[in-house]
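Asker: Below is the file data-v7.txt, with compact mmCIF, C-alpha atoms.
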# COMPACT_ATOMS: atom_id res chain seq x y z
CA VAL A 1 -9.67 7.50 -13.48
CA ASN A 2 -11.86 8.95 -10.80
CA ARG A 3 -14.36 6.18 -11.06
CA ALA A 4 -11.81 3.82 -9.59
CA SER A 5 -10.90 6.18 -6.78
CA GLY A 6 -14.56 7.09 -6.32
CA SER A 7 -14.40 4.31 -3.79
CA LEU A 8 -13.12 6.88 -1.30
CA LYS A 9 -16.67 8.07 -0.93
CA ARG A 10 -17.87 4.73 0.32
CA PRO A 11 -20.05 5.20 3.39
CA VAL A 12 -18.96 2.09 5.28
CA GLY A 13 -15.57 0.55 5.78
CA CYS A 14 -14.78 -3.09 5.28
CA TYR A 15 -14.18 -6.08 7.53
CA TYR A 16 -10.67 -7.45 7.70
CA VAL A 17 -10.04 -11.02 8.78
CA ASP A 18 -6.53 -12.18 9.63
CA ILE A 19 -6.40 -15.95 9.60
CA PRO A 20 -3.12 -17.73 10.40
CA VAL A 21 -3.63 -20.74 8.09
CA MET A 22 -6.67 -22.13 6.31
CA GLU A 23 -7.07 -25.11 3.98
CA TYR A 24 -7.60 -24.01 0.39
CA ARG A 25 -10.99 -25.68 0.02
CA ASP A 26 -12.26 -24.23 3.30
CA ALA A 27 -11.20 -20.73 2.25
CA TRP A 28 -12.80 -21.27 -1.14
CA MET A 29 -16.14 -22.37 0.35
CA LEU A 30 -15.99 -19.46 2.77
CA GLN A 31 -15.49 -17.05 -0.11
CA VAL A 32 -18.40 -18.51 -2.05
CA ARG A 33 -20.66 -18.02 0.99
CA LEU A 34 -19.40 -14.48 1.51
CA VAL A 35 -19.95 -13.61 -2.16
CA ARG A 36 -23.53 -14.82 -1.90
CA ALA A 37 -24.11 -12.84 1.29
CA ARG A 38 -22.59 -9.73 -0.28
CA GLN A 39 -24.86 -10.12 -3.32
CA ASP A 40 -28.08 -10.52 -1.37
CA GLY A 41 -27.18 -7.70 0.99
CA SER A 42 -27.08 -9.79 4.18
CA LEU A 43 -23.41 -8.77 4.32
CA ASP A 44 -23.54 -4.99 4.20
CA ARG A 45 -19.87 -4.31 3.49
CA ASP A 46 -16.85 -5.71 1.71
CA ILE A 47 -14.68 -8.21 3.53
CA ILE A 48 -11.03 -9.02 3.13
CA LEU A 49 -9.51 -12.36 4.10
CA SER A 50 -5.78 -12.44 4.78
CA LEU A 51 -4.26 -15.88 5.24
CA GLN A 52 -1.80 -18.61 4.32
CA HIS A 53 -2.61 -21.99 2.80
CA PRO A 54 -1.03 -25.39 3.36
CA PRO A 55 0.65 -26.48 0.09
CA VAL A 56 -1.79 -26.71 -2.82
CA TYR A 57 -1.76 -26.28 -6.57
CA THR A 58 -4.77 -24.55 -8.08
CA LEU A 59 -5.89 -24.48 -11.68
CA GLY A 60 -7.82 -21.53 -13.15
CA ARG A 61 -11.06 -21.65 -15.07
CA ARG A 62 -9.32 -22.72 -18.25
CA GLY A 63 -7.36 -25.43 -16.51
CA GLY A 64 -3.62 -25.47 -16.76
CA ARG A 65 -3.05 -29.12 -15.89
CA ASP A 66 -0.74 -29.23 -18.93
CA ASN A 67 1.52 -26.91 -16.98
CA LEU A 68 1.79 -29.27 -14.06
CA LYS A 69 5.09 -31.02 -14.71
CA VAL A 70 4.68 -33.90 -12.26
CA PRO A 71 1.99 -36.58 -12.00
CA ASP A 72 -0.85 -36.01 -9.53
CA ALA A 73 0.19 -39.17 -7.69
CA PHE A 74 3.57 -37.61 -6.94
CA LEU A 75 1.84 -34.68 -5.27
CA GLU A 76 -0.76 -36.81 -3.52
CA GLY A 77 2.08 -38.83 -2.04
CA ARG A 78 3.22 -35.61 -0.41
CA GLY A 79 -0.28 -34.67 0.71
CA ILE A 80 -0.54 -31.84 -1.81
CA GLN A 81 -3.88 -31.32 -3.50
CA VAL A 82 -4.64 -30.05 -6.99
CA VAL A 83 -7.83 -28.01 -7.07
CA GLN A 84 -9.66 -26.59 -10.08
CA VAL A 85 -11.32 -23.25 -9.38
CA GLU A 86 -13.24 -20.52 -11.20
CA ARG A 87 -10.71 -17.71 -11.03
CA GLY A 88 -8.92 -16.24 -14.02
CA GLY A 89 -5.40 -17.34 -14.85
CA ASP A 90 -3.65 -20.67 -15.14
CA ILE A 91 -1.94 -22.94 -12.60
CA THR A 92 -0.37 -21.59 -9.44
CA TYR A 93 0.98 -22.74 -6.10
CA HIS A 94 0.01 -21.67 -2.61
CA GLY A 95 1.82 -22.71 0.51
CA PRO A 96 3.44 -21.75 3.78
CA GLU A 97 5.04 -18.30 4.04
CA GLN A 98 3.09 -16.97 1.10
CA LEU A 99 0.58 -14.26 1.98
CA VAL A 100 -2.79 -14.73 0.29
CA VAL A 101 -5.41 -12.00 0.31
CA TYR A 102 -8.98 -12.52 -0.86
CA PRO A 103 -10.97 -9.29 -1.12
CA ILE A 104 -14.69 -9.93 -1.47
CA VAL A 105 -15.65 -6.59 -2.94
CA ASP A 106 -18.85 -5.39 -4.56
CA LEU A 107 -17.21 -3.76 -7.56
CA ARG A 108 -20.39 -1.89 -8.44
CA SER A 109 -20.62 -0.07 -5.08
CA ALA A 110 -16.86 0.35 -4.95
CA ARG A 111 -16.90 1.83 -8.46
CA PHE A 112 -14.22 -0.40 -9.85
CA ARG A 113 -14.11 -1.64 -13.41
CA VAL A 114 -12.99 -5.29 -13.42
CA VAL A 115 -9.81 -4.40 -15.27
CA ASP A 116 -9.02 -1.57 -12.83
CA PHE A 117 -9.61 -3.81 -9.86
CA VAL A 118 -7.03 -6.30 -11.12
CA GLU A 119 -4.60 -3.39 -11.42
CA ALA A 120 -5.47 -2.16 -7.96
CA LEU A 121 -4.63 -5.59 -6.55
CA GLU A 122 -1.26 -5.49 -8.30
CA GLU A 123 -0.71 -2.02 -6.87
CA ILE A 124 -1.32 -3.29 -3.33
CA MET A 125 1.52 -5.80 -3.80
CA ILE A 126 3.83 -3.26 -5.45
CA ARG A 127 3.41 -0.77 -2.60
CA THR A 128 3.80 -3.45 0.03
CA LEU A 129 7.06 -4.57 -1.55
CA GLY A 130 8.09 -0.91 -1.66
CA ASP A 131 7.72 -0.76 2.14
CA PHE A 132 10.42 -3.41 2.32
CA GLY A 133 12.72 -1.68 -0.14
CA ILE A 134 11.82 -3.92 -3.07
CA GLU A 135 11.06 -2.06 -6.28
CA ALA A 136 8.81 -4.46 -8.14
CA SER A 137 6.75 -3.61 -11.18
CA ARG A 138 4.10 -4.72 -13.61
CA SER A 139 5.06 -6.42 -16.82
CA PRO A 140 3.64 -5.26 -20.14
CA LEU A 141 3.41 -8.92 -21.15
CA ASN A 142 1.72 -10.56 -18.21
CA ARG A 143 -0.32 -9.72 -15.18
CA GLY A 144 1.08 -10.03 -11.69
CA VAL A 145 4.05 -8.35 -10.02
CA TRP A 146 7.58 -8.88 -11.22
CA MET A 147 11.24 -8.32 -10.41
CA GLY A 148 12.66 -8.35 -13.90
CA ALA A 149 11.91 -11.75 -15.39
CA GLU A 150 11.01 -13.29 -12.03
CA LYS A 151 7.54 -13.21 -10.62
CA ILE A 152 6.93 -12.36 -6.96
CA GLY A 153 3.18 -11.78 -6.78
CA SER A 154 0.20 -13.32 -8.57
CA VAL A 155 -3.32 -12.14 -9.17
CA GLY A 156 -6.50 -13.92 -10.27
CA ILE A 157 -10.12 -13.08 -9.57
CA ALA A 158 -13.64 -14.21 -10.35
CA VAL A 159 -16.71 -11.99 -10.52
CA ARG A 160 -20.28 -13.03 -9.77
CA HIS A 161 -23.04 -10.44 -10.09
CA SER A 162 -20.39 -7.76 -9.72
CA VAL A 163 -18.91 -9.21 -6.51
CA SER A 164 -15.27 -10.20 -6.86
CA PHE A 165 -13.47 -13.01 -5.05
CA HIS A 166 -10.15 -14.87 -5.15
CA GLY A 167 -7.33 -12.32 -5.19
CA ILE A 168 -3.58 -12.10 -4.71
CA ALA A 169 -0.67 -14.22 -3.53
CA LEU A 170 2.61 -12.63 -2.49
CA ASN A 171 5.71 -14.74 -2.00
CA VAL A 172 7.14 -13.71 1.34
CA ASN A 173 9.40 -16.57 2.43
CA THR A 174 7.86 -19.06 0.03
CA ALA A 175 9.98 -22.06 -0.91
CA SER A 176 10.60 -21.60 -4.62
CA GLU A 177 11.08 -25.37 -5.16
CA ALA A 178 7.30 -25.69 -5.01
CA PHE A 179 7.02 -23.72 -8.22
CA GLU A 180 9.49 -25.96 -9.98
CA CYS A 181 6.78 -28.60 -10.43
CA ILE A 182 4.78 -26.23 -12.64
CA ASN A 183 5.01 -23.60 -15.34
CA PRO A 184 3.61 -20.90 -13.07
CA CYS A 185 0.54 -19.22 -14.55
CA GLY A 186 1.08 -21.29 -17.68
CA LEU A 187 4.22 -19.36 -18.55
CA LYS A 188 7.10 -21.50 -19.66
CA GLY A 189 10.56 -20.57 -18.46
CA VAL A 190 9.33 -18.21 -15.78
CA SER A 191 10.77 -18.57 -12.33
CA MET A 192 9.33 -17.31 -9.10
CA THR A 193 11.13 -15.30 -6.50
CA SER A 194 10.28 -14.22 -2.96
CA MET A 195 10.91 -11.31 -0.61
CA GLU A 196 13.27 -13.53 1.37
CA LYS A 197 15.28 -14.40 -1.71
CA LEU A 198 15.56 -10.77 -2.76
CA LEU A 199 16.42 -9.42 0.68
CA GLY A 200 18.65 -12.31 1.71
CA ASP A 201 16.80 -12.70 4.99
CA THR A 202 13.54 -14.07 6.33
CA VAL A 203 10.79 -11.46 6.45
CA PRO A 204 8.37 -11.52 9.39
CA MET A 205 4.94 -12.43 8.04
CA GLY A 206 3.20 -10.19 10.58
CA ARG A 207 4.93 -7.12 9.21
CA VAL A 208 3.94 -8.01 5.66
CA ARG A 209 0.34 -8.58 6.74
CA ARG A 210 0.23 -5.12 8.37
CA SER A 211 1.76 -3.45 5.35
CA VAL A 212 -0.67 -5.13 2.97
CA ARG A 213 -3.59 -4.11 5.15
CA GLY A 214 -2.53 -0.47 5.04
CA HIS A 215 -2.35 -0.53 1.26
CA VAL A 216 -5.66 -2.39 0.93
CA GLU A 217 -7.30 0.40 2.93
CA GLU A 218 -5.62 3.08 0.87
CA ILE A 219 -6.14 1.59 -2.58
CA LEU A 220 -9.58 0.08 -2.11
CA GLY A 221 -10.57 3.20 -0.20
CA CYS A 222 -12.01 1.44 2.82
CA PRO A 223 -11.00 1.86 6.46
CA SER A 224 -11.05 -1.64 7.90
CA GLU A 225 -12.38 -3.16 11.05
CA SER A 226 -10.83 -6.39 12.37
CA ILE A 227 -13.12 -9.30 12.98
CA ASP A 228 -12.24 -12.89 13.73
CA ILE A 229 -13.32 -15.97 11.84
CA GLU A 230 -15.97 -16.92 14.41
CA ALA A 231 -17.57 -13.52 13.92
CA VAL A 232 -17.52 -14.08 10.14
CA HIS A 233 -19.39 -17.35 10.56
CA GLY A 234 -21.80 -15.56 12.87
CA LEU A 235 -22.51 -12.95 10.20
CA LEU A 236 -23.07 -15.65 7.60
CA ASP A 237 -25.35 -17.71 9.83
CA ARG A 238 -27.47 -14.68 10.67
CA GLY A 239 -27.65 -13.90 6.95
CA SER A 240 -28.82 -17.37 6.01
CA GLU A 241 -31.37 -17.44 8.85
CA LYS A 242 -32.76 -14.21 7.49
CA ARG A 243 -32.96 -15.71 4.00
CA THR A 244 -34.74 -18.80 5.29
CA ARG A 245 -37.29 -16.65 7.13
CA GLU A 246 -37.94 -14.61 4.01
CA GLU A 247 -38.29 -17.65 1.81
CA THR A 248 -40.71 -19.44 4.16
CA PRO A 249 -43.12 -16.81 5.49
CA MET B 250 -12.32 3.92 -20.16
CA LYS B 251 -15.42 5.19 -21.89
CA GLU B 252 -17.68 7.90 -20.53
CA ILE B 253 -21.38 7.15 -20.78
CA HIS B 254 -21.89 9.51 -23.71
CA GLU B 255 -19.13 7.67 -25.58
CA LEU B 256 -20.84 4.29 -25.27
CA ASP B 257 -22.36 2.64 -28.28
CA LEU B 258 -25.92 1.75 -27.15
CA PRO B 259 -28.08 0.71 -30.11
CA ASP B 260 -31.80 1.33 -29.71
CA ASP B 261 -33.01 -1.78 -31.53
CA ILE B 262 -32.00 -4.08 -28.65
CA ARG B 263 -32.89 -4.59 -24.99
CA TYR B 264 -30.54 -4.64 -22.03
CA ALA B 265 -30.40 -6.62 -18.78
CA GLU B 266 -29.21 -5.45 -15.39
CA ASN B 267 -26.00 -7.40 -15.61
CA HIS B 268 -25.20 -5.70 -18.95
CA GLU B 269 -26.17 -8.44 -21.38
CA TRP B 270 -28.10 -7.38 -24.48
CA ALA B 271 -30.83 -9.21 -26.41
CA ARG B 272 -32.10 -8.73 -29.95
CA VAL B 273 -35.00 -10.47 -31.67
CA GLU B 274 -34.10 -11.92 -35.06
CA ASP B 275 -36.68 -14.09 -36.85
CA GLY B 276 -38.35 -15.11 -33.61
CA GLN B 277 -35.08 -16.11 -31.96
CA VAL B 278 -33.12 -13.95 -29.55
CA LYS B 279 -29.44 -13.16 -29.99
CA VAL B 280 -27.51 -12.36 -26.83
CA GLY B 281 -24.21 -10.64 -26.11
CA ILE B 282 -22.75 -8.13 -23.66
CA SER B 283 -22.98 -4.36 -23.95
CA ASP B 284 -20.30 -1.89 -24.90
CA TYR B 285 -20.30 -0.79 -21.24
CA ALA B 286 -19.66 -4.38 -20.10
CA GLN B 287 -16.80 -5.01 -22.50
CA ASP B 288 -15.22 -1.71 -21.46
CA GLN B 289 -15.51 -2.70 -17.79
CA LEU B 290 -13.89 -6.06 -18.40
CA GLY B 291 -10.95 -4.94 -20.49
CA GLN B 292 -9.27 -7.16 -23.04
CA ILE B 293 -11.19 -10.41 -23.33
CA VAL B 294 -9.07 -13.53 -23.74
CA PHE B 295 -11.50 -16.42 -23.41
CA ILE B 296 -15.23 -17.04 -23.53
CA GLU B 297 -16.97 -20.16 -22.29
CA LEU B 298 -20.40 -20.74 -23.80
CA PRO B 299 -23.09 -23.41 -23.46
CA ARG B 300 -23.89 -26.08 -26.05
CA LYS B 301 -26.75 -26.09 -28.48
CA GLY B 302 -29.73 -27.77 -26.88
CA ASP B 303 -28.93 -26.55 -23.36
CA ALA B 304 -31.84 -24.74 -21.72
CA PHE B 305 -31.79 -21.93 -19.20
CA GLN B 306 -34.23 -19.90 -17.18
CA LYS B 307 -33.98 -16.13 -17.28
CA GLY B 308 -31.15 -14.92 -15.05
CA GLU B 309 -29.29 -18.24 -14.93
CA GLN B 310 -25.59 -18.33 -15.65
CA PHE B 311 -24.98 -19.41 -19.25
CA GLY B 312 -21.24 -18.92 -19.51
CA THR B 313 -18.17 -17.03 -18.42
CA VAL B 314 -15.96 -14.40 -19.94
CA GLU B 315 -12.29 -14.15 -19.01
CA SER B 316 -10.51 -10.87 -19.31
CA VAL B 317 -6.90 -10.87 -18.24
CA LYS B 318 -6.79 -12.69 -14.86
CA ALA B 319 -10.48 -12.15 -14.20
CA VAL B 320 -13.36 -14.53 -14.87
CA SER B 321 -16.86 -13.03 -14.86
CA ASP B 322 -20.15 -14.89 -15.02
CA LEU B 323 -22.67 -14.29 -17.82
CA TYR B 324 -26.42 -14.36 -17.10
CA ILE B 325 -29.06 -15.09 -19.69
CA PRO B 326 -31.51 -12.19 -20.21
CA ILE B 327 -34.33 -14.39 -21.48
CA GLY B 328 -35.19 -18.03 -20.76
CA GLY B 329 -35.16 -20.67 -23.45
CA GLU B 330 -33.18 -23.21 -25.41
CA ILE B 331 -29.79 -22.49 -26.95
CA VAL B 332 -30.13 -22.89 -30.72
CA GLY B 333 -26.93 -21.17 -31.79
CA VAL B 334 -23.49 -20.43 -30.36
CA ASN B 335 -20.97 -18.03 -31.87
CA GLU B 336 -18.06 -20.34 -32.59
CA ASP B 337 -15.91 -17.50 -33.94
CA LEU B 338 -15.36 -16.46 -30.34
CA ASP B 339 -13.27 -19.60 -29.70
CA GLU B 340 -10.55 -18.23 -31.90
CA SER B 341 -11.35 -14.53 -31.66
CA PRO B 342 -12.74 -13.59 -28.24
CA GLU B 343 -11.59 -10.01 -28.90
CA LEU B 344 -14.61 -9.66 -31.21
CA VAL B 345 -16.61 -8.93 -28.06
CA ASN B 346 -14.38 -5.92 -27.39
CA GLU B 347 -14.30 -4.82 -30.99
CA GLU B 348 -17.89 -5.27 -32.09
CA ALA B 349 -20.03 -6.10 -29.08
CA TYR B 350 -23.34 -6.03 -30.98
CA ALA B 351 -22.28 -7.64 -34.26
CA GLY B 352 -19.46 -10.20 -34.54
CA GLY B 353 -19.31 -10.34 -30.74
CA TRP B 354 -22.75 -11.93 -30.25
CA MET B 355 -22.55 -14.98 -28.00
CA ILE B 356 -25.64 -17.16 -28.13
CA GLU B 357 -28.93 -17.51 -29.94
CA VAL B 358 -31.91 -18.48 -27.81
CA LYS B 359 -35.27 -19.93 -28.77
CA PRO B 360 -37.29 -18.18 -26.09
CA ASP B 361 -39.82 -20.08 -23.98
CA ASN B 362 -42.00 -17.06 -24.44
CA LEU B 363 -41.37 -13.44 -25.23
CA ASP B 364 -43.23 -12.09 -22.18
CA ALA B 365 -39.91 -11.59 -20.43
CA TRP B 366 -38.91 -9.24 -23.22
CA ASP B 367 -40.80 -6.39 -21.59
CA THR B 368 -38.89 -6.82 -18.33
CA LEU B 369 -35.69 -5.90 -20.17
CA MET B 370 -34.57 -2.29 -20.43
CA ASP B 371 -34.69 -0.22 -23.57
CA LYS B 372 -31.80 2.10 -24.39
CA THR B 373 -33.21 5.00 -22.37
CA ALA B 374 -33.79 2.93 -19.25
CA TYR B 375 -30.39 1.23 -19.54
CA LYS B 376 -28.61 4.52 -19.98
CA LYS B 377 -30.40 5.86 -16.93
CA MET B 378 -29.26 2.83 -14.92
CA LEU B 379 -25.67 3.38 -16.04
CA GLU B 380 -25.83 7.03 -15.05
CA GLU B 381 -27.06 6.03 -11.62
CA LEU B 382 -24.20 3.54 -11.27
CA GLU B 383 -21.70 6.25 -12.07
CA GLU B 384 -23.17 8.85 -9.70
Show how you would write the structure in this file as structure tokens.
Answerer:
Amino acid sequence: VNRASGSLKRPVGCYYVDIPVMEYRDAWMLQVRLVRARQDGSLDRDIILSLQHPPVYTLGRRGGRDNLKVPDAFLEGRGIQVVQVERGGDITYHGPEQLVVYPIVDLRSARFRVVDFVEALEEIMIRTLGDFGIEASRSPLNRGVWMGAEKIGSVGIAVRHSVSFHGIALNVNTASEAFECINPCGLKGVSMTSMEKLLGDTVPMGRVRRSVRGHVEEILGCPSESIDIEAVHGLLDRGSEKRTREETP
Amino acid sequence: MKEIHELDLPDDIRYAENHEWARVEDGQVKVGISDYAQDQLGQIVFIELPRKGDAFQKGEQFGTVESVKAVSDLYIPIGGEIVGVNEDLDESPELVNEEAYAGGWMIEVKPDNLDAWDTLMDKTAYKKMLEELEE
């Protein structure tokens, strides 16, 4: 148990990047660069991206196209992409008014087992929902965060050389129609809910972002420092310059 | 989760930094992941392995292992050509959790040369590395 919370001893905090909206592919490429920088040490601390995506369906490592109930052309006609990625899990939807959080965390330094990290990410969503008076829980059958038989938060990560990426998606005021085109996470007969649906009122995204950040700090055990996206690119560029210098003496 | 003294760490195999193991059998090298690795991952639900005939250099990614909602990369501990793949894992990926060093083996490699063998850790060195990780 303590190995997971051993993270409290971490010497440095983490960077926290609040991004209003970012295209899925851009956020994906950014994560891949950050993972590489975290692995080679040019990024000396974990970094958490908090953002929303324009509408997109993503498929996990094992696919999940079978669980897409409409033809690609139908989606393309609406400007919605379908992207296959390396995270765990099946198909899911991201879109406006859903809060997505990608923690790029060196699990080895943070002392997290992979399985415990997935649970920690669920816990962040459960506590955030608790702040808004929603008592969500885990399901013994499936990962993610649930209100009874309805799912409100999803989780899916990938791990490269002990650095995790991808993360969580919490339905704040997400339009549930978007999920009707798929069997979310490959689960037939599962419907998705949102904070708005449960509370009967729109929930300010800014408040949810702040609540999530507090629980990320608490559960991942890292005080966070805000940086903006330009600063992130600056860190990455300095890192790759350093690599180039080292590779070509 | 398992404490280090509870881990099954055979001494007739070598270990790599990313927790893969390697064992020489008739000049070929069998590869899997250690008891520590399977314990870290949790219940394994899917394993993606290369095809026979594929070739890798030491340290290259040769596959992925999916535990519930998490996909982790696998890195080959010794370079060479894939001459065998454990097809039982298609149907029974849990073998890696249940018997990491026996039925849970993943690939068989015809090594380019066995020089790299000495760069891998023996049980004592691997155990020491794990203790340092846990400190």
Asker: Enumerate, in order of chain and increasing residue number, the residues of chain A with an atom no farther than 7 Å from chain B, each with its shortest atom pair and distance in Å to one decimal, counting only C-alpha atoms, as CSV.
Answerer:
residue,atom,partner,partner_atom,distance
A:Arg87,CA,B:Val320,CA,5.6
A:Gly88,CA,B:Lys318,CA,4.2
A:Gly89,CA,B:Lys318,CA,4.9
A:Arg113,CA,B:Gln289,CA,4.7
A:Val114,CA,B:Leu290,CA,5.1
A:Val115,CA,B:Gly291,CA,5.4
A:Val155,CA,B:Lys318,CA,6.7
A:Gly156,CA,B:Lys318,CA,4.8
A:Ile157,CA,B:Ala319,CA,4.7
A:Ala158,CA,B:Val320,CA,4.5
A:Val159,CA,B:Ser321,CA,4.5
A:Arg160,CA,B:Asp322,CA,5.6
A:His161,CA,B:Asn267,CA,7.0
Asker: Next, write the just-selected residues to a file, as a compact mmCIF listing (two decimals), in the coordinates of the input, keeping C-alpha atoms as the atom set.
Answerer:
# COMPACT_ATOMS: atom_id res chain seq x y z
CA ARG A 87 -10.71 -17.71 -11.03
CA GLY A 88 -8.92 -16.24 -14.02
CA GLY A 89 -5.40 -17.34 -14.85
CA ARG A 113 -14.11 -1.64 -13.41
CA VAL A 114 -12.99 -5.29 -13.42
CA VAL A 115 -9.81 -4.40 -15.27
CA VAL A 155 -3.32 -12.14 -9.17
CA GLY A 156 -6.50 -13.92 -10.27
CA ILE A 157 -10.12 -13.08 -9.57
CA ALA A 158 -13.64 -14.21 -10.35
CA VAL A 159 -16.71 -11.99 -10.52
CA ARG A 160 -20.28 -13.03 -9.77
CA HIS A 161 -23.04 -10.44 -10.09
Asker: For Ile124 (chain A), which residue among A:Gln39, A:Ser211, A:Ser224, A:Thr174 is the nearest when counting only C-alpha atoms?
Answerer: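 Distance minimum relative to Ile124 (chain A) lands on A:Ser211.
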Asker: Report, in Å with one decimal, the straight-line distance from CA of Glu76 (chain A) to CA of Gly60 (chain A).
Answerer: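 According to the coordinates, CA of Glu76 (chain A) and CA of Gly60 (chain A) are separated by 19.4 Å.
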Asker: Which residue gives the smallest distance to Arg78 (chain A) among A:Gly130, A:Pro55, A:Gly95, A:Gly234, with all atoms listed in the file counted?
Answerer: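 The shortest atom-to-atom distance to Arg78 (chain A) comes from A:Pro55.
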Asker: Excluding Pro20 (chain A) and residues on its chain fewer than 4 positions from it, collect all residues at most 9 Å away from it, counting all atoms listed in the file, and give them as a PDB file with C-alpha atoms, in the coordinates of the input.
Answerer:
ATOM      1  CA  SER A  50      -5.780 -12.440   4.780  1.00  0.00           C
ATOM      2  CA  LEU A  51      -4.260 -15.880   5.240  1.00  0.00           C
ATOM      3  CA  GLN A  52      -1.800 -18.610   4.320  1.00  0.00           C
ATOM      4  CA  HIS A  53      -2.610 -21.990   2.800  1.00  0.00           C
TER       5      HIS A  53
END
Asker: Please provide as number ranges by chain all residues within 10 Å of Leu235 (chain A), with the sequence filter that same-chain residues fewer than 6 positions apart are discarded (counting all atoms listed in the file).
Answerer: A: 34, 37, 42-43, 229
Asker: If I put a ball of radius 6 Å at (-4.3, -17.9, -2.4) in the file's coordinates, which residues poke into it when counting all atoms listed in the file, written as a ChimeraX atom specification?
Answerer: /A:94,100,169
Asker: For CA of Phe74 (chain A) and CA of Met195 (chain A), determine how far apart the two atoms are, in Å to one decimal place.
Answerer: 28.0 Å
Asker: Mind checking which residues fall within 12 Å of Val232 (chain A), counting all atoms listed in the file, ignoring those fewer than 3 positions away in the same chain, and posting them as a PyMOL selection string?
Answerer: chain A and resi 15-19+30-31+33-34+37+43+46-49+226-229+235-239
Asker: How many Å lie between CA of Glu269 (chain B) and CA of Thr368 (chain B), rounded to one decimal?
Answerer: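 Those two atoms sit 13.2 Å apart.
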Asker: Leaving out Asp364 (chain B) and any residue of its chain fewer than 6 positions from it, which residues lie within 12 Å of it when counting all atoms listed in the file, given as a short mmCIF file (atom, residue, chain, number, x, y, z; two decimals) with C-alpha atoms, keeping the file's coordinate frame?
Answerer:
data_model
loop_
_atom_site.label_atom_id
_atom_site.label_comp_id
_atom_site.auth_asym_id
_atom_site.auth_seq_id
_atom_site.Cartn_x
_atom_site.Cartn_y
_atom_site.Cartn_z
CA LYS B 307 -33.98 -16.13 -17.28
CA PRO B 326 -31.51 -12.19 -20.21
CA ILE B 327 -34.33 -14.39 -21.48
CA GLY B 328 -35.19 -18.03 -20.76
CA GLY B 329 -35.16 -20.67 -23.45
#
Asker: Let me make sure I understand: among A:Pro54, A:Pro103, A:Gly64, A:Gly41, which one has the smallest atom-to-atom distance to Leu220 (chain A) if we use all atoms listed in the file?
Answerer: A:Pro103
Asker: Pick from A:Asn142, A:Gly13, A:Lys69, A:Trp28: nearest to Ala178 (chain A), with all atoms listed in the file counted?
Answerer: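 Among the listed residues, the smallest separation from Ala178 (chain A) belongs to A:Lys69.
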Asker: Report the centre and edge lengths, in Å to one decimal, of an axis-aligned box enclosing every atom of region 132-148 of chain A listed in the file, padded by 6 Å on each side, as JSON.
Answerer:
{"center_x": 6.2, "center_y": -6.1, "center_z": -9.4, "size_x": 25.0, "size_y": 20.9, "size_z": 35.5}
Asker: Of the candidates A:Ala175, A:Ala110, A:Val190, A:Met125, which one gets nearest to Gly148 (chain A) if we count all atoms listed in the file?
Answerer: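 So, comparing all the options, the nearest one is A:Val190.
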Asker: My list of candidates is B:Asp361, B:Asn335, B:Ile325, B:Glu343. Which is closest to Gly308 (chain B) when distances are computed with all atoms listed in the file?
Answerer: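 For Gly308 (chain B), the nearest of the candidates is B:Ile325.
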Asker: Extract, using only C-alpha atoms, all DNA, RNA and protein residues at most 10 Å from Trp146 (chain A), discarding same-chain residues fewer than 5 positions from it, and format them as JSON, numbers by chain.
Answerer: {"A": [122, 126, 135, 136, 137, 138, 139, 151, 152, 153, 154, 192, 193]}
